[in-house]
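Beneath this line is the structure, given in structure tokens, with notes to follow.
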Amino acid sequence: MKKYILISVRLTLVFIVICAVIYPLLVAGIGRLTPGGGKGETVSLNGKVVGYANIGQKFTEDKYFWSRPSAVGYNAAGSAGSNKGPSNPDYLKDVQAHIDTFLAHNPGIKKDDIPAELVTYSGSGLDPDLSPAGAKVQVRRIAATRHLREDQLNSLVDRYTEKPFLGLMGPARVNVLKLNIALDNGEIK
Amino acid sequence: MNTELFGIVATFLLTVLLAFPLGKYIAKVFKGEKTILDFMRPVENLICRLGGVDPMKKMNWKEFLKAMLTINLVWVAYAFLLFLFQGHLPLNPDGNPSMTPDLSFNTAISFLVNCNLQDYSGETGVTYLTQLFVITFLQFVSAATGIACLVALFNGLKEKTTESLGNFWVIFTKTITRILLPLCFVVAALLAFHGTPASFDGKDTVTTLQGDTVQVSRGPAAGMIAIKHIGTNGGGWFGANSAHPLENPDYFTNMLELVSQALIPMALLFALGFYINKRKFAYVTFTIMTVGMLCLLIPTLLAELHGNPAIARMGIAQPTGAMEGKEVRFGPAASAFWSIITTVISTGSVNAMHDSFMPVSGMMQLLAMMINAFYGGCGVGILNYYIYVIIAVFIAGLMVGRTPEFMGHKVEAREVKIAALVTLLSAFLIKGGTALACYYFVHHGNNDWAVKPSSWLNNPGYHGFSEMLYQYTSTNANNGSGYEGLADNNIFWNVTGGFIMLLGRFVPIIGPIAIAGLLAKKKYIPETSGTLKVDGFTFGAMTFVVILILTALSYFPPLALGPIAEYFSL
């Protein structure tokens, strides 16, 4: 038994060095070669960092495309979903409130034009994306606020739509932050 | 076929395509044949020398288990202490606190047993030191433990009559150096290049486009996320696990993480065929497991793509399916697929919140963990399936009135008793645990714990019951996913969960190895015309039916109270 304990302790020390020191350091080294330097990729407007490309942000002003509802208010110090079950009556009231808010800010939009992602919480609370339909349903509001033409905005959404992986796999999506940066950057003249 | 469905078909096919050659490779590694990673031999020799291991020593099943259990005991003590004092130790740029004793107990066991249930949240509950020195470390060694125990079974099946199941230390070492580490480097590098952080920088503060100030948690996550999937561990760097956009940045990484969690479990099946030279048995078993997985996947896909009927009644369009708790970049199809892969395989990582899935999907996830043997976790999946095989052999023997045999050895009372005990224990722990939790919820709702029992549940009614059932099913299966609405960081869940994880890990490992050791010692009986053919589809189907009957008998009542009742109420 003593022999087993001795081997166990010694092997444990060896593998701590391999798995918890050498391995992460090598991966950190690989990370330095990546676009974000292993620290996460940031995006800027006029030379100022305004966020992380992959982390969604909260938009409440009418002149911006809104992101999905978030259970953590888009503060990436944490991350979580609502964890509400599909039959929970309080949750369904919550969804109804999201629908009402959306309709109030988007006059002329019918309920069945709103895709589900705009009134449901994402899994992480940090979802950076919308489906193209989720962005386009907001075009009328933004056109009115910013005095732009709807077709200009629609083509902006198209330009920022990322196609499915290899054109074949998974959904198409639009990064909301990048789309809003394009708006502020005056990409539509 | 739309792009979302094509994505999951492609992911599955890619996994099988990669698992086959990997299985061949794994068989070669443990047979000691030439492989492309032979340059690791000096490293392995050095590890053995530093560890004081005599690589030539053979172990019988009792010695093998003693070695395995001793080193696991060392790990759990080490992990418990580090979690308990992490707040005072270095590598804590975010200033996170130490864990309470009950949370340390739960978390140390959780990572020791490859479960990776997390009653804490990654951003605030652990430090970079414990993420790497405890969690990442245990993710490697717990996966290697599972695989080493499976190789012991392989050795028992391979020889006609033998006492030796191989040397635990050597198999364990080779698993890490030849299989886990190389695969993890590839996966970690790909993740890093797709945006997963890998540096040691702490939280960043940014002012958003709209002018809010928010923080962004980061850290050396890429390496940990690689082993979390390669080793079927599942515990995430961030609280939201692989739903987090830094932990799983795009559809490619989603496919990568799916492939890496299913890769070794599938490859080990093929390795079994090559190692003991019974390829047909491996292929038939693979087919049965795939059929089982599809039986769980298809209802889940249908439910999720159809969307939430309660939201449909509000007049909202669900063009791609149910979106609550899901991320746009994956969509409902890939989330449904992930939820089944992660529960059949005992990974327990999630890319969408299981608490918000439709009731039918929830039931399929529960069933996947209750069965826990369709592919299954690293090594332990096949050990679980082996138990079902022994029971199927026994029942088949009863049906034809002969002493049952499995691969040339008589299966007698002692082996069948062990197998029966292992199966019954799961049902006892899951239902007993849930019953106890219900008792406290109903009768001791105001107990003065960190969270009062009356506030445990995030959802009322049937779904609330499912939250408790899910928790114990996941702990017993060493899966680690959860209905995260459950407030589980308090003494009740931490302690009961800890014990159930321990039993749910070691009994289903000790049982099969004991059976393998007992069988391997027996006299070899050559095959005759009357021998039960265990490598045909008849026996495969027989095993499948045994699994169905055992699961239905054990779990129909709690499923009826939870997901089934919720389904009919929606």
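By order in the structure tokens, chains are A, B, ...; within a chain, residues start at 1; ligands start at 1, following the order shown.
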Need the shell around Thr403 (chain B): protein/DNA/RNA residues with any atom at most 12 Å away, counting only C-alpha atoms. Skip same-chain ones fewer than 6 positions apart. Format as an mmCIF file with all heavy atoms, in the first residue's frame?
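Result file follows (part_18.cif):
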data_model
loop_
_atom_site.group_PDB
_atom_site.id
_atom_site.type_symbol
_atom_site.label_atom_id
_atom_site.label_comp_id
_atom_site.auth_asym_id
_atom_site.auth_seq_id
_atom_site.Cartn_x
_atom_site.Cartn_y
_atom_site.Cartn_z
ATOM 1 N N VAL B 393 -26.434 -11.485 -21.824
ATOM 2 C CA VAL B 393 -25.905 -12.852 -21.945
ATOM 3 C C VAL B 393 -26.634 -13.770 -20.962
ATOM 4 O O VAL B 393 -27.032 -14.887 -21.289
ATOM 5 C CB VAL B 393 -24.385 -12.857 -21.651
ATOM 6 C CG1 VAL B 393 -23.887 -14.268 -21.398
ATOM 7 C CG2 VAL B 393 -23.622 -12.223 -22.784
ATOM 8 N N PHE B 394 -26.828 -13.262 -19.764
ATOM 9 C CA PHE B 394 -27.477 -14.040 -18.716
ATOM 10 C C PHE B 394 -28.925 -14.369 -19.105
ATOM 11 O O PHE B 394 -29.370 -15.521 -19.005
ATOM 12 C CB PHE B 394 -27.423 -13.224 -17.419
ATOM 13 C CG PHE B 394 -28.287 -13.760 -16.311
ATOM 14 C CD1 PHE B 394 -28.003 -14.994 -15.720
ATOM 15 C CD2 PHE B 394 -29.366 -13.038 -15.842
ATOM 16 C CE1 PHE B 394 -28.793 -15.483 -14.687
ATOM 17 C CE2 PHE B 394 -30.157 -13.516 -14.812
ATOM 18 C CZ PHE B 394 -29.877 -14.741 -14.240
ATOM 19 N N ILE B 395 -29.647 -13.343 -19.599
ATOM 20 C CA ILE B 395 -31.048 -13.575 -19.959
ATOM 21 C C ILE B 395 -31.141 -14.509 -21.168
ATOM 22 O O ILE B 395 -31.961 -15.426 -21.205
ATOM 23 C CB ILE B 395 -31.765 -12.233 -20.227
ATOM 24 C CG1 ILE B 395 -31.853 -11.459 -18.899
ATOM 25 C CG2 ILE B 395 -33.145 -12.449 -20.815
ATOM 26 C CD1 ILE B 395 -32.425 -10.068 -19.017
ATOM 27 N N ALA B 396 -30.226 -14.300 -22.132
ATOM 28 C CA ALA B 396 -30.206 -15.190 -23.295
ATOM 29 C C ALA B 396 -29.938 -16.615 -22.847
ATOM 30 O O ALA B 396 -30.561 -17.566 -23.341
ATOM 31 C CB ALA B 396 -29.146 -14.725 -24.288
ATOM 32 N N GLY B 397 -29.040 -16.773 -21.873
ATOM 33 C CA GLY B 397 -28.728 -18.106 -21.358
ATOM 34 C C GLY B 397 -29.957 -18.740 -20.719
ATOM 35 O O GLY B 397 -30.253 -19.913 -20.941
ATOM 36 N N HIS B 409 -15.855 -17.650 -21.889
ATOM 37 C CA HIS B 409 -15.824 -17.843 -20.441
ATOM 38 C C HIS B 409 -17.237 -17.967 -19.904
ATOM 39 O O HIS B 409 -18.127 -17.235 -20.320
ATOM 40 C CB HIS B 409 -15.119 -16.671 -19.756
ATOM 41 C CG HIS B 409 -13.705 -16.494 -20.190
ATOM 42 N ND1 HIS B 409 -12.700 -17.324 -19.772
ATOM 43 C CD2 HIS B 409 -13.139 -15.600 -21.027
ATOM 44 C CE1 HIS B 409 -11.560 -16.930 -20.331
ATOM 45 N NE2 HIS B 409 -11.802 -15.888 -21.107
ATOM 46 N N LYS B 410 -17.422 -18.886 -18.961
ATOM 47 C CA LYS B 410 -18.742 -19.065 -18.354
ATOM 48 C C LYS B 410 -19.090 -17.861 -17.483
ATOM 49 O O LYS B 410 -18.302 -17.438 -16.631
ATOM 50 C CB LYS B 410 -18.738 -20.312 -17.472
ATOM 51 C CG LYS B 410 -19.034 -21.591 -18.222
ATOM 52 C CD LYS B 410 -19.439 -22.679 -17.230
ATOM 53 C CE LYS B 410 -20.135 -23.830 -17.934
ATOM 54 N NZ LYS B 410 -19.286 -24.552 -18.899
ATOM 55 N N VAL B 411 -20.292 -17.304 -17.693
ATOM 56 C CA VAL B 411 -20.764 -16.226 -16.835
ATOM 57 C C VAL B 411 -21.628 -16.851 -15.749
ATOM 58 O O VAL B 411 -22.676 -17.420 -16.033
ATOM 59 C CB VAL B 411 -21.589 -15.200 -17.637
ATOM 60 C CG1 VAL B 411 -22.123 -14.113 -16.725
ATOM 61 C CG2 VAL B 411 -20.748 -14.600 -18.741
ATOM 62 N N GLU B 412 -21.159 -16.773 -14.502
ATOM 63 C CA GLU B 412 -21.861 -17.473 -13.431
ATOM 64 C C GLU B 412 -22.464 -16.489 -12.423
ATOM 65 O O GLU B 412 -22.384 -15.283 -12.603
ATOM 66 C CB GLU B 412 -20.903 -18.462 -12.764
ATOM 67 C CG GLU B 412 -20.645 -19.639 -13.695
ATOM 68 C CD GLU B 412 -19.439 -20.463 -13.301
ATOM 69 O OE1 GLU B 412 -18.330 -19.913 -13.194
ATOM 70 O OE2 GLU B 412 -19.606 -21.663 -13.077
ATOM 71 N N ALA B 413 -23.015 -17.041 -11.360
ATOM 72 C CA ALA B 413 -23.809 -16.247 -10.419
ATOM 73 C C ALA B 413 -23.075 -14.993 -9.954
ATOM 74 O O ALA B 413 -23.635 -13.902 -9.920
ATOM 75 C CB ALA B 413 -24.196 -17.096 -9.220
ATOM 76 N N VAL B 416 -22.992 -12.177 -12.550
ATOM 77 C CA VAL B 416 -24.326 -11.626 -12.815
ATOM 78 C C VAL B 416 -24.785 -10.776 -11.632
ATOM 79 O O VAL B 416 -25.412 -9.724 -11.812
ATOM 80 C CB VAL B 416 -25.332 -12.748 -13.126
ATOM 81 C CG1 VAL B 416 -26.732 -12.177 -13.301
ATOM 82 C CG2 VAL B 416 -24.915 -13.486 -14.377
ATOM 83 N N ILE B 525 -13.379 -21.843 -22.901
ATOM 84 C CA ILE B 525 -14.214 -22.862 -23.544
ATOM 85 C C ILE B 525 -14.264 -22.553 -25.030
ATOM 86 O O ILE B 525 -14.752 -21.489 -25.423
ATOM 87 C CB ILE B 525 -15.648 -22.820 -22.993
ATOM 88 C CG1 ILE B 525 -15.631 -22.806 -21.473
ATOM 89 C CG2 ILE B 525 -16.461 -23.984 -23.519
ATOM 90 C CD1 ILE B 525 -16.916 -22.255 -20.895
ATOM 91 N N GLY B 530 -23.275 -24.704 -30.385
ATOM 92 C CA GLY B 530 -24.292 -24.280 -29.418
ATOM 93 C C GLY B 530 -23.961 -22.982 -28.716
ATOM 94 O O GLY B 530 -24.744 -22.496 -27.910
ATOM 95 N N THR B 531 -22.776 -22.392 -29.020
ATOM 96 C CA THR B 531 -22.373 -21.178 -28.321
ATOM 97 C C THR B 531 -23.193 -19.985 -28.795
ATOM 98 O O THR B 531 -23.463 -19.845 -29.993
ATOM 99 C CB THR B 531 -20.880 -20.901 -28.587
ATOM 100 O OG1 THR B 531 -20.153 -22.078 -28.282
ATOM 101 C CG2 THR B 531 -20.385 -19.756 -27.726
ATOM 102 N N LEU B 532 -23.567 -19.154 -27.837
ATOM 103 C CA LEU B 532 -24.266 -17.917 -28.184
ATOM 104 C C LEU B 532 -23.316 -17.005 -28.948
ATOM 105 O O LEU B 532 -22.228 -16.684 -28.481
ATOM 106 C CB LEU B 532 -24.747 -17.236 -26.900
ATOM 107 C CG LEU B 532 -25.345 -15.849 -27.023
ATOM 108 C CD1 LEU B 532 -26.700 -15.903 -27.695
ATOM 109 C CD2 LEU B 532 -25.463 -15.200 -25.646
#
Helix (DSSP H, G or I) residues, from DSSP on the backbone, in region 352-448 of chain B, as a PDB file with C-alpha atoms, in the first residue's frame:
ATOM      1  CA  HIS B 354     -31.106  22.542 -21.069  1.00  0.00           C
ATOM      2  CA  ASP B 355     -33.536  24.026 -18.544  1.00  0.00           C
ATOM      3  CA  SER B 356     -35.254  25.856 -21.408  1.00  0.00           C
ATOM      4  CA  PRO B 359     -40.277  18.785 -22.368  1.00  0.00           C
ATOM      5  CA  VAL B 360     -39.758  16.006 -24.955  1.00  0.00           C
ATOM      6  CA  SER B 361     -36.134  17.075 -25.418  1.00  0.00           C
ATOM      7  CA  GLY B 362     -35.664  17.149 -21.656  1.00  0.00           C
ATOM      8  CA  MET B 363     -36.934  13.592 -21.423  1.00  0.00           C
ATOM      9  CA  MET B 364     -34.559  12.445 -24.161  1.00  0.00           C
ATOM     10  CA  GLN B 365     -31.620  14.112 -22.383  1.00  0.00           C
ATOM     11  CA  LEU B 366     -32.632  12.387 -19.142  1.00  0.00           C
ATOM     12  CA  LEU B 367     -32.973   9.004 -20.848  1.00  0.00           C
ATOM     13  CA  ALA B 368     -29.592   9.450 -22.499  1.00  0.00           C
ATOM     14  CA  MET B 369     -27.998   9.884 -19.059  1.00  0.00           C
ATOM     15  CA  MET B 370     -30.050   7.151 -17.418  1.00  0.00           C
ATOM     16  CA  ILE B 371     -28.827   4.659 -20.029  1.00  0.00           C
ATOM     17  CA  VAL B 380     -16.550   4.291 -18.928  1.00  0.00           C
ATOM     18  CA  GLY B 381     -19.194   4.262 -21.682  1.00  0.00           C
ATOM     19  CA  ILE B 382     -18.081   0.862 -22.915  1.00  0.00           C
ATOM     20  CA  LEU B 383     -17.701  -0.378 -19.334  1.00  0.00           C
ATOM     21  CA  ASN B 384     -21.370   0.550 -18.780  1.00  0.00           C
ATOM     22  CA  TYR B 385     -22.381  -1.151 -22.002  1.00  0.00           C
ATOM     23  CA  TYR B 386     -20.433  -4.225 -20.880  1.00  0.00           C
ATOM     24  CA  ILE B 387     -22.718  -4.473 -17.840  1.00  0.00           C
ATOM     25  CA  TYR B 388     -25.756  -4.501 -20.118  1.00  0.00           C
ATOM     26  CA  VAL B 389     -24.037  -7.134 -22.259  1.00  0.00           C
ATOM     27  CA  ILE B 390     -23.469  -9.380 -19.229  1.00  0.00           C
ATOM     28  CA  ILE B 391     -27.137  -9.082 -18.289  1.00  0.00           C
ATOM     29  CA  ALA B 392     -28.176  -9.783 -21.885  1.00  0.00           C
ATOM     30  CA  VAL B 393     -25.905 -12.852 -21.945  1.00  0.00           C
ATOM     31  CA  PHE B 394     -27.477 -14.040 -18.716  1.00  0.00           C
ATOM     32  CA  ILE B 395     -31.048 -13.575 -19.959  1.00  0.00           C
ATOM     33  CA  ALA B 396     -30.206 -15.190 -23.295  1.00  0.00           C
ATOM     34  CA  GLY B 397     -28.728 -18.106 -21.358  1.00  0.00           C
ATOM     35  CA  LEU B 398     -31.909 -18.470 -19.332  1.00  0.00           C
ATOM     36  CA  MET B 399     -34.008 -18.419 -22.490  1.00  0.00           C
ATOM     37  CA  VAL B 400     -32.155 -21.332 -24.084  1.00  0.00           C
ATOM     38  CA  ALA B 413     -23.809 -16.247 -10.419  1.00  0.00           C
ATOM     39  CA  ARG B 414     -21.060 -14.018  -9.020  1.00  0.00           C
ATOM     40  CA  GLU B 415     -20.605 -12.015 -12.218  1.00  0.00           C
ATOM     41  CA  VAL B 416     -24.326 -11.626 -12.815  1.00  0.00           C
ATOM     42  CA  LYS B 417     -24.816 -10.451  -9.236  1.00  0.00           C
ATOM     43  CA  ILE B 418     -22.191  -7.737  -9.708  1.00  0.00           C
ATOM     44  CA  ALA B 419     -23.815  -6.623 -12.972  1.00  0.00           C
ATOM     45  CA  ALA B 420     -27.281  -6.522 -11.416  1.00  0.00           C
ATOM     46  CA  LEU B 421     -26.000  -4.541  -8.460  1.00  0.00           C
ATOM     47  CA  VAL B 422     -24.386  -1.940 -10.722  1.00  0.00           C
ATOM     48  CA  THR B 423     -27.619  -1.422 -12.695  1.00  0.00           C
ATOM     49  CA  LEU B 424     -29.816  -1.284  -9.629  1.00  0.00           C
ATOM     50  CA  LEU B 425     -27.556   1.210  -7.896  1.00  0.00           C
ATOM     51  CA  SER B 426     -28.136   3.864 -10.593  1.00  0.00           C
ATOM     52  CA  ALA B 427     -31.896   3.657 -10.268  1.00  0.00           C
ATOM     53  CA  PHE B 428     -31.612   3.751  -6.491  1.00  0.00           C
ATOM     54  CA  LEU B 429     -29.353   6.813  -6.400  1.00  0.00           C
ATOM     55  CA  ILE B 430     -31.333   8.822  -8.962  1.00  0.00           C
ATOM     56  CA  LYS B 431     -34.768   8.127  -7.539  1.00  0.00           C
ATOM     57  CA  GLY B 432     -33.680   8.053  -3.900  1.00  0.00           C
ATOM     58  CA  GLY B 433     -31.884  11.376  -4.289  1.00  0.00           C
ATOM     59  CA  THR B 434     -34.822  13.013  -6.041  1.00  0.00           C
ATOM     60  CA  ALA B 435     -37.221  11.714  -3.401  1.00  0.00           C
ATOM     61  CA  LEU B 436     -35.048  13.109  -0.618  1.00  0.00           C
ATOM     62  CA  ALA B 437     -34.842  16.501  -2.336  1.00  0.00           C
ATOM     63  CA  CYS B 438     -38.622  16.560  -2.787  1.00  0.00           C
ATOM     64  CA  TYR B 439     -39.033  15.724   0.894  1.00  0.00           C
ATOM     65  CA  TYR B 440     -36.883  18.674   1.959  1.00  0.00           C
ATOM     66  CA  PHE B 441     -38.534  20.968  -0.576  1.00  0.00           C
ATOM     67  CA  VAL B 442     -41.993  20.124   0.746  1.00  0.00           C
ATOM     68  CA  HIS B 443     -41.446  19.574   4.477  1.00  0.00           C
TER      69      HIS B 443
END
Here is a test: counting only C-alpha atoms, which residue of B:Asn372, B:Thr196, B:Thr496, B:Ser349 is nearest to Glu41 (chain A)? B:Thr196
Would you pick out the contacts of region 136-145 of chain B at 7 Å or less, using only C-alpha atoms, so that residues sharing its chain but fewer than 2 positions from it are not included, and give the list as an mmCIF file with N, CA, C and O atoms, in the first residue's frame?
data_model
loop_
_atom_site.group_PDB
_atom_site.id
_atom_site.type_symbol
_atom_site.label_atom_id
_atom_site.label_comp_id
_atom_site.auth_asym_id
_atom_site.auth_seq_id
_atom_site.Cartn_x
_atom_site.Cartn_y
_atom_site.Cartn_z
ATOM 1 N N ILE A 16 1.037 17.173 -12.891
ATOM 2 C CA ILE A 16 0.661 18.575 -12.678
ATOM 3 C C ILE A 16 1.559 19.462 -13.535
ATOM 4 O O ILE A 16 1.099 20.378 -14.215
ATOM 5 N N CYS A 19 0.416 18.830 -17.351
ATOM 6 C CA CYS A 19 -0.930 19.228 -17.785
ATOM 7 C C CYS A 19 -1.306 20.636 -17.342
ATOM 8 O O CYS A 19 -2.149 21.268 -17.966
ATOM 9 N N ALA A 20 -0.738 21.104 -16.236
ATOM 10 C CA ALA A 20 -1.180 22.399 -15.703
ATOM 11 C C ALA A 20 -0.137 23.491 -15.886
ATOM 12 O O ALA A 20 -0.436 24.652 -15.677
ATOM 13 N N PHE B 111 -14.773 17.000 -10.470
ATOM 14 C CA PHE B 111 -13.744 16.926 -11.510
ATOM 15 C C PHE B 111 -12.931 15.649 -11.406
ATOM 16 O O PHE B 111 -12.442 15.140 -12.406
ATOM 17 N N LEU B 112 -12.815 15.103 -10.192
ATOM 18 C CA LEU B 112 -12.118 13.819 -10.028
ATOM 19 C C LEU B 112 -12.814 12.721 -10.824
ATOM 20 O O LEU B 112 -12.163 11.890 -11.446
ATOM 21 N N VAL B 113 -14.141 12.719 -10.788
ATOM 22 C CA VAL B 113 -14.876 11.600 -11.374
ATOM 23 C C VAL B 113 -15.303 11.870 -12.813
ATOM 24 O O VAL B 113 -16.136 11.156 -13.354
ATOM 25 N N ASN B 114 -14.728 12.914 -13.436
ATOM 26 C CA ASN B 114 -15.037 13.201 -14.830
ATOM 27 C C ASN B 114 -16.487 13.643 -15.014
ATOM 28 O O ASN B 114 -17.057 13.541 -16.089
ATOM 29 N N GLN B 131 -8.352 26.760 -11.984
ATOM 30 C CA GLN B 131 -8.788 26.355 -13.330
ATOM 31 C C GLN B 131 -7.732 25.457 -13.982
ATOM 32 O O GLN B 131 -8.070 24.491 -14.660
ATOM 33 N N LEU B 132 -6.451 25.796 -13.777
ATOM 34 C CA LEU B 132 -5.395 25.037 -14.449
ATOM 35 C C LEU B 132 -4.874 23.891 -13.584
ATOM 36 O O LEU B 132 -4.832 22.740 -14.020
ATOM 37 N N PHE B 133 -4.479 24.208 -12.336
ATOM 38 C CA PHE B 133 -3.800 23.203 -11.508
ATOM 39 C C PHE B 133 -4.756 22.154 -10.951
ATOM 40 O O PHE B 133 -4.333 21.069 -10.571
ATOM 41 N N VAL B 134 -6.014 22.486 -10.848
ATOM 42 C CA VAL B 134 -6.945 21.461 -10.384
ATOM 43 C C VAL B 134 -7.821 20.993 -11.543
ATOM 44 O O VAL B 134 -7.815 19.816 -11.903
ATOM 45 N N ILE B 147 -10.074 5.628 -19.465
ATOM 46 C CA ILE B 147 -9.562 4.871 -20.609
ATOM 47 C C ILE B 147 -8.695 3.712 -20.123
ATOM 48 O O ILE B 147 -8.785 2.593 -20.632
ATOM 49 N N ALA B 148 -7.868 3.964 -19.091
ATOM 50 C CA ALA B 148 -7.002 2.897 -18.567
ATOM 51 C C ALA B 148 -7.844 1.728 -18.051
ATOM 52 O O ALA B 148 -7.504 0.558 -18.273
ATOM 53 N N CYS B 149 -8.962 2.051 -17.387
ATOM 54 C CA CYS B 149 -9.812 0.978 -16.867
ATOM 55 C C CYS B 149 -10.446 0.188 -18.006
ATOM 56 O O CYS B 149 -10.629 -1.029 -17.916
ATOM 57 N N PHE B 172 -2.066 4.358 -18.074
ATOM 58 C CA PHE B 172 -2.495 5.709 -17.730
ATOM 59 C C PHE B 172 -1.563 6.752 -18.355
ATOM 60 O O PHE B 172 -2.005 7.712 -18.994
ATOM 61 N N THR B 175 -1.877 6.929 -22.109
ATOM 62 C CA THR B 175 -3.128 7.554 -22.541
ATOM 63 C C THR B 175 -2.957 9.060 -22.648
ATOM 64 O O THR B 175 -3.433 9.692 -23.588
ATOM 65 N N ILE B 176 -2.244 9.620 -21.673
ATOM 66 C CA ILE B 176 -2.053 11.071 -21.713
ATOM 67 C C ILE B 176 -1.055 11.466 -22.789
ATOM 68 O O ILE B 176 -1.316 12.364 -23.597
ATOM 69 N N MET B 224 -8.026 24.508 -21.750
ATOM 70 C CA MET B 224 -8.983 23.819 -20.893
ATOM 71 C C MET B 224 -10.202 23.372 -21.698
ATOM 72 O O MET B 224 -10.729 22.273 -21.489
ATOM 73 N N ILE B 227 -9.394 20.036 -23.610
ATOM 74 C CA ILE B 227 -9.446 18.777 -22.847
ATOM 75 C C ILE B 227 -10.843 18.544 -22.296
ATOM 76 O O ILE B 227 -11.282 17.404 -22.135
ATOM 77 N N LYS B 228 -11.583 19.622 -22.046
ATOM 78 C CA LYS B 228 -12.956 19.442 -21.556
ATOM 79 C C LYS B 228 -13.776 18.608 -22.534
ATOM 80 O O LYS B 228 -14.636 17.843 -22.128
ATOM 81 N N GLY B 231 -11.571 14.910 -23.379
ATOM 82 C CA GLY B 231 -11.674 13.982 -22.251
ATOM 83 C C GLY B 231 -13.104 13.764 -21.783
ATOM 84 O O GLY B 231 -13.308 13.235 -20.687
ATOM 85 N N ASN B 233 -15.127 15.618 -20.389
ATOM 86 C CA ASN B 233 -15.339 16.149 -19.043
ATOM 87 C C ASN B 233 -16.555 17.060 -19.008
ATOM 88 O O ASN B 233 -17.518 16.793 -18.309
ATOM 89 N N CYS B 378 -15.350 8.774 -21.851
ATOM 90 C CA CYS B 378 -14.035 8.190 -22.143
ATOM 91 C C CYS B 378 -13.828 6.902 -21.343
ATOM 92 O O CYS B 378 -13.607 6.947 -20.134
#
Excluding same-chain residues fewer than 6 positions from Arg173 (chain A), what lies within 10 Å of it counting only C-alpha atoms, as a list in words? Pro128, Asp129, Leu130, Ser131, Pro132, Ala133, Gly134, Ala135, Val157, Asp158, Tyr160, Thr161, Glu162, Lys163 and Pro164 of chain A; Val328, Arg329, Phe330 and Gly331 of chain B
Please, could you write that set of residues out with N, CA and C atoms as a tab-separated table (two decimals), in the first residue's frame?
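Generated file (again37.tsv):
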chain	number	residue	atom	x	y	z
A	128	PRO	N	-23.83	37.60	-29.51
A	128	PRO	CA	-23.49	38.78	-30.31
A	128	PRO	C	-24.33	38.92	-31.58
A	129	ASP	N	-25.13	37.92	-31.91
A	129	ASP	CA	-25.73	37.87	-33.25
A	129	ASP	C	-27.25	37.97	-33.25
A	130	LEU	N	-27.75	38.26	-34.46
A	130	LEU	CA	-29.16	38.10	-34.79
A	130	LEU	C	-29.23	37.33	-36.09
A	131	SER	N	-30.38	36.75	-36.38
A	131	SER	CA	-30.59	36.21	-37.72
A	131	SER	C	-30.82	37.41	-38.65
A	132	PRO	N	-30.60	37.26	-39.96
A	132	PRO	CA	-30.87	38.39	-40.87
A	132	PRO	C	-32.29	38.91	-40.70
A	133	ALA	N	-33.26	38.01	-40.48
A	133	ALA	CA	-34.64	38.47	-40.29
A	133	ALA	C	-34.79	39.31	-39.03
A	134	GLY	N	-34.03	38.93	-37.99
A	134	GLY	CA	-34.09	39.67	-36.73
A	134	GLY	C	-33.55	41.08	-36.88
A	135	ALA	N	-32.59	41.27	-37.80
A	135	ALA	CA	-32.07	42.62	-38.05
A	135	ALA	C	-33.02	43.39	-38.95
A	157	VAL	N	-27.47	45.41	-43.98
A	157	VAL	CA	-27.64	44.14	-43.25
A	157	VAL	C	-27.12	42.99	-44.11
A	158	ASP	N	-27.47	43.03	-45.41
A	158	ASP	CA	-26.99	41.96	-46.28
A	158	ASP	C	-25.46	41.92	-46.32
A	160	TYR	N	-23.42	42.78	-44.05
A	160	TYR	CA	-22.86	42.30	-42.78
A	160	TYR	C	-23.35	40.90	-42.40
A	161	THR	N	-24.15	40.29	-43.26
A	161	THR	CA	-24.62	38.92	-42.96
A	161	THR	C	-23.49	37.93	-43.21
A	162	GLU	N	-23.20	37.13	-42.20
A	162	GLU	CA	-22.21	36.06	-42.39
A	162	GLU	C	-22.94	34.82	-42.85
A	163	LYS	N	-22.51	34.29	-43.99
A	163	LYS	CA	-23.15	33.11	-44.59
A	163	LYS	C	-22.91	31.89	-43.68
A	164	PRO	N	-23.73	30.85	-43.85
A	164	PRO	CA	-23.44	29.60	-43.11
A	164	PRO	C	-22.00	29.14	-43.37
B	328	VAL	N	-27.83	32.34	-31.52
B	328	VAL	CA	-28.16	32.48	-32.94
B	328	VAL	C	-27.15	31.77	-33.82
B	329	ARG	N	-25.84	31.83	-33.44
B	329	ARG	CA	-24.82	31.27	-34.35
B	329	ARG	C	-24.89	29.74	-34.46
B	330	PHE	N	-25.57	29.07	-33.54
B	330	PHE	CA	-25.71	27.61	-33.65
B	330	PHE	C	-27.10	27.22	-34.18
B	331	GLY	N	-28.13	27.91	-33.70
B	331	GLY	CA	-29.49	27.57	-34.12
B	331	GLY	C	-30.04	26.36	-33.38
Find the residue from B:Phe154, B:Phe281, B:Phe252, B:Phe20 that sits nearest to chain A; use only C-alpha atoms when measuring.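 Under the stated criterion, the closest residue is B:Phe252.
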Near His105 (chain A), counting only C-alpha atoms, which residues have an atom at most 10 Å away, once you skip same-chain residues fewer than 5 positions from it, shown as a VMD selection string? chain A and resid 61 to 62 100 138 141
Contact residues around region 518-524 of chain B with only C-alpha atoms at 8 Å, ignoring same-chain residues under 2 positions, as a PyMOL selection string: chain B and resi 156-157+159-163+408-411+415+514-516+526
